[in-house]
$ cat entry_35.tsv   # TSV, C-alpha atoms
chain	number	residue	atom	x	y	z
R	1	MET	CA	0.00	0.00	0.00
R	2	THR	CA	2.74	2.50	0.95
R	3	THR	CA	4.65	1.73	-2.25
R	4	ASP	CA	1.55	2.45	-4.36
R	5	ARG	CA	0.92	5.76	-2.60
R	6	PHE	CA	4.59	6.69	-2.90
R	7	SER	CA	4.62	5.85	-6.61
R	8	ALA	CA	1.51	7.96	-7.12
R	9	PHE	CA	3.15	10.83	-5.21
R	10	VAL	CA	6.30	10.65	-7.35
R	11	ALA	CA	4.26	10.53	-10.56
R	12	ALA	CA	2.17	13.54	-9.46
R	13	GLU	CA	5.28	15.58	-8.59
R	14	LEU	CA	6.89	14.81	-11.95
R	15	GLU	CA	3.71	15.80	-13.76
R	16	SER	CA	3.50	19.01	-11.75
R	17	ALA	CA	7.10	19.88	-12.66
R	18	ARG	CA	6.40	19.31	-16.35
R	19	ASN	CA	3.28	21.50	-16.28
R	20	ASP	CA	4.83	24.36	-14.30
R	21	PRO	CA	8.59	24.37	-14.77
R	22	PHE	CA	10.44	26.71	-12.44
R	23	ASP	CA	13.61	28.22	-13.86
R	24	ALA	CA	15.84	28.87	-10.83
R	25	ASP	CA	18.61	30.45	-12.91
R	26	ALA	CA	16.18	32.93	-14.47
R	27	ARG	CA	14.78	33.85	-11.05
R	28	ILE	CA	18.30	34.41	-9.67
R	29	ARG	CA	19.18	36.65	-12.63
R	30	GLU	CA	15.96	38.61	-12.11
R	31	TRP	CA	16.71	38.93	-8.37
R	32	LEU	CA	20.27	40.15	-9.02
R	33	ASP	CA	18.83	42.81	-11.35
R	34	ASP	CA	16.25	43.82	-8.71
R	35	VAL	CA	18.95	44.24	-6.05
R	36	GLU	CA	21.21	46.13	-8.48
R	37	ALA	CA	18.35	48.55	-9.22
R	38	LEU	CA	17.89	49.11	-5.47
R	39	TYR	CA	21.60	49.83	-5.02
R	40	ARG	CA	21.60	52.33	-7.91
R	41	GLN	CA	18.60	54.06	-6.34
R	42	VAL	CA	20.37	54.30	-2.97
R	43	GLU	CA	23.54	55.55	-4.67
R	44	SER	CA	21.50	58.36	-6.26
R	45	PHE	CA	20.09	59.30	-2.81
R	46	LEU	CA	23.62	59.58	-1.43
R	47	ALA	CA	25.37	61.03	-4.50
R	48	ALA	CA	26.14	64.44	-2.98
R	49	PHE	CA	27.67	62.79	0.10
R	50	THR	CA	29.74	60.28	-1.86
R	51	ALA	CA	30.96	62.98	-4.26
R	52	SER	CA	32.24	65.05	-1.32
R	53	GLY	CA	33.82	62.00	0.33
R	54	ALA	CA	31.59	62.26	3.42
R	55	ILE	CA	30.12	58.82	2.72
R	56	ARG	CA	31.87	55.83	1.20
R	57	LEU	CA	30.00	53.00	-0.56
R	58	GLU	CA	31.43	49.55	-1.10
R	59	ARG	CA	29.96	46.40	-2.56
R	60	ARG	CA	31.05	43.24	-0.82
R	61	PRO	CA	30.30	39.73	-2.03
R	62	THR	CA	28.17	37.36	0.01
R	63	THR	CA	26.62	33.96	-0.57
R	64	LEU	CA	22.95	33.14	-0.19
R	65	ASN	CA	21.37	29.70	-0.13
R	66	GLU	CA	17.65	29.48	-0.82
R	67	GLU	CA	15.57	26.35	-0.86
R	68	PHE	CA	14.40	26.40	-4.47
R	69	LEU	CA	17.27	28.47	-5.88
R	70	GLY	CA	20.31	26.81	-4.34
R	71	THR	CA	23.52	28.67	-3.54
R	72	TYR	CA	24.44	31.86	-5.41
R	73	GLU	CA	26.65	34.93	-5.07
R	74	ILE	CA	25.23	38.41	-4.54
R	75	SER	CA	26.65	41.65	-3.17
R	76	ARG	CA	25.92	43.63	-0.02
R	77	LEU	CA	26.13	47.40	-0.17
R	78	VAL	CA	28.13	48.78	2.75
R	79	ILE	CA	27.63	52.45	3.58
R	80	GLU	CA	30.45	53.94	5.64
R	81	ILE	CA	29.54	57.16	7.45
R	82	GLY	CA	32.58	58.16	9.48
R	83	PRO	CA	33.29	55.29	11.87
R	84	LYS	CA	29.79	53.80	11.46
R	85	GLN	CA	28.77	51.20	8.93
R	86	VAL	CA	25.28	50.54	7.65
R	87	GLU	CA	24.66	47.85	5.10
R	88	LEU	CA	22.02	46.71	2.69
R	89	ARG	CA	22.05	42.92	3.00
R	90	PRO	CA	20.00	40.78	0.60
R	91	ILE	CA	17.93	38.20	2.48
R	92	GLY	CA	16.29	36.32	-0.36
R	93	ALA	CA	14.31	36.33	-3.58
R	94	LEU	CA	11.74	33.77	-2.48
R	95	ILE	CA	10.08	35.55	0.43
R	96	PHE	CA	6.55	34.87	1.63
R	97	GLY	CA	4.40	37.84	0.64
R	98	ALA	CA	7.07	39.64	-1.40
R	99	HIS	CA	9.19	39.28	-4.51
R	100	GLY	CA	12.34	39.67	-2.42
R	101	ARG	CA	13.78	41.25	0.71
R	102	VAL	CA	16.86	43.29	1.59
R	103	ASP	CA	17.56	44.40	5.15
R	104	LEU	CA	19.08	47.76	6.08
R	105	ILE	CA	21.27	46.89	9.07
R	106	GLY	CA	23.03	49.32	11.35
R	107	PRO	CA	24.70	49.20	14.76
R	108	ARG	CA	21.47	50.13	16.58
R	109	ASP	CA	18.61	48.57	14.59
R	110	SER	CA	17.48	47.22	11.24
R	111	ARG	CA	14.72	47.87	8.70
R	112	LYS	CA	13.19	45.56	6.10
R	113	LEU	CA	12.94	46.54	2.45
R	114	VAL	CA	10.57	44.34	0.47
R	115	LEU	CA	9.93	44.17	-3.25
R	116	VAL	CA	6.15	44.30	-3.57
R	117	ASP	CA	3.43	45.46	-5.93
R	118	LYS	CA	3.70	49.23	-6.37
R	119	ALA	CA	-0.01	49.57	-5.54
R	120	ALA	CA	0.27	47.69	-2.22
R	121	SER	CA	0.01	49.67	1.01
R	122	ARG	CA	0.55	46.76	3.41
R	123	ALA	CA	1.12	43.03	3.50
R	124	ARG	CA	-1.91	40.99	2.52
R	125	ILE	CA	-2.47	37.27	2.54
R	126	ARG	CA	-5.10	35.71	0.33
R	127	VAL	CA	-6.28	32.17	0.74
R	128	LEU	CA	-7.59	30.72	-2.51
R	129	GLY	CA	-9.84	27.73	-2.86
R	130	GLU	CA	-9.91	25.47	-5.92
R	131	GLU	CA	-12.65	27.57	-7.55
R	132	ASP	CA	-10.59	30.74	-7.03
R	133	VAL	CA	-7.51	29.14	-8.58
R	134	GLU	CA	-9.50	27.97	-11.59
R	135	ARG	CA	-11.08	31.41	-12.02
R	136	GLU	CA	-7.62	33.07	-11.92
R	137	LYS	CA	-6.33	30.57	-14.48
R	138	ARG	CA	-9.16	31.58	-16.84
R	139	ASN	CA	-8.84	35.30	-16.11
R	140	PRO	CA	-5.36	36.00	-14.69
R	141	PRO	CA	-4.80	39.29	-12.87
R	142	PRO	CA	-2.40	41.76	-14.49
R	143	PRO	CA	1.24	41.24	-13.55
R	144	PRO	CA	2.40	43.49	-10.72
R	145	THR	CA	4.70	46.44	-11.12
R	146	TRP	CA	7.39	45.84	-8.50
R	147	ALA	CA	8.60	48.58	-6.14
R	148	TRP	CA	10.92	48.59	-3.13
R	149	LYS	CA	9.16	49.59	0.09
R	150	PHE	CA	9.97	49.57	3.78
R	151	SER	CA	7.83	47.12	5.74
R	152	GLU	CA	6.99	48.57	9.15
R	153	GLY	CA	4.95	47.87	12.24
R	154	PRO	CA	2.91	44.87	13.35
R	155	ARG	CA	0.53	45.18	10.37
R	156	ARG	CA	3.49	45.34	7.97
R	157	ASP	CA	2.46	48.68	6.49
R	158	TYR	CA	4.50	49.69	3.48
R	159	VAL	CA	6.37	52.99	3.21
R	160	GLU	CA	7.48	54.09	-0.25
R	161	LEU	CA	11.24	54.06	-0.74
R	162	ASP	CA	12.30	57.58	-1.55
R	163	GLU	CA	15.26	59.70	-0.52
R	164	ARG	CA	13.59	61.05	2.63
R	165	ALA	CA	12.43	57.60	3.82
R	166	PHE	CA	15.84	56.09	3.14
R	167	LYS	CA	17.73	58.79	5.04
R	168	GLU	CA	15.30	58.51	7.98
R	169	ALA	CA	15.84	54.73	8.02
R	170	VAL	CA	19.63	55.19	8.05
R	171	LEU	CA	19.29	57.60	10.97
R	172	ALA	CA	17.12	55.06	12.81
R	173	VAL	CA	19.50	52.13	12.35
R	174	ALA	CA	22.73	54.06	12.85
R	175	SER	CA	22.16	56.65	15.57
$ encode --input "entry_35.tsv" --output "structure tokens"
Amino acid sequence: MTTDRFSAFVAAELESARNDPFDADARIREWLDDVEALYRQVESFLAAFTASGAIRLERRPTTLNEEFLGTYEISRLVIEIGPKQVELRPIGALIFGAHGRVDLIGPRDSRKLVLVDKAASRARIRVLGEEDVEREKRNPPPPPTWAWKFSEGPRRDYVELDERAFKEAVLAVAS
């Protein structure tokens, strides 16, 4: 009996993989591009300070290991402000409720940056039944437009990433 159930399980998983192939390499490349775009945005926020030498930015390699992606190399962005260091550290591309997460980490605290739908104002969880899944297969929702946002508070409200919000977050984690 167990062998029959196991064989059926294996067959179902193989069929599922054929019908919905997941390309881990493509997702990693997309994630690396997402993080690079975030770093360029942060660099633009700090451009006047880096040009004057008041702030130094350095990319440092790190390795992530995610369950469905495996092990891959990505960079952290270290922000040196005098003797203090703050860093943007990628956490992962496959994050529940988001398309990725990078933490802003300082000596005093940390903040979460999540890549979510630009229209989203806070984290939402939807539970779909079989009928809902079938309806979305027939009439799929439009693909999201991704945006980096800070995730704050117990309700996980989102705060738009802009220059003011970023500088306030650096102050919060560093001072």
$ residues_around --input "entry_35.tsv" --residues "R:Asp25" --least-positions-apart "2" --cutoff "12 Å" --atoms "only C-alpha atoms" --output "list in words"
Pro21, Phe22, Asp23, Arg27, Ile28, Arg29, Glu30, Trp31, Leu32, Phe68, Leu69, Gly70, Thr71, Tyr72 and Ala93 of chain R
$ atom_distance --input "entry_35.tsv" --atom1 "atom CA of R:Arg76" --atom2 "atom CA of R:Ala98"
19.3 Å
$ atom_distance --input "entry_35.tsv" --atom1 "atom CA of R:Arg108" --atom2 "atom CA of R:Gly53"
23.6 Å
$ residues_around --input "entry_35.tsv" --residues "stretch 130-146 of chain R" --least-positions-apart "6" --cutoff "6 Å" --atoms "all atoms listed in the file" --output "ChimeraX atom specification"
/R:116-118
$ closest_residue --input "entry_35.tsv" --among "R:Val170, R:Ala120, R:Leu57, R:Leu46" --to "R:Asp157" --atoms "only C-alpha atoms"
R:Ala120
$ residues_near_point --input "entry_35.tsv" --point "(14.0, 48.0, 3.7)" --cutoff "6 Å" --atoms "all atoms listed in the file" --output "list in words"
Val102, Asp103, Leu104, Arg111, Lys112, Leu113, Val114 and Phe150 of chain R
$ atom_distance --input "entry_35.tsv" --atom1 "atom CA of R:Asn65" --atom2 "atom CA of R:Trp148"
21.8 Å
$ closest_residue --input "entry_35.tsv" --among "R:Arg60, R:Arg164, R:Lys84, R:Lys149" --to "R:Ala119" --atoms "only C-alpha atoms"
R:Lys149
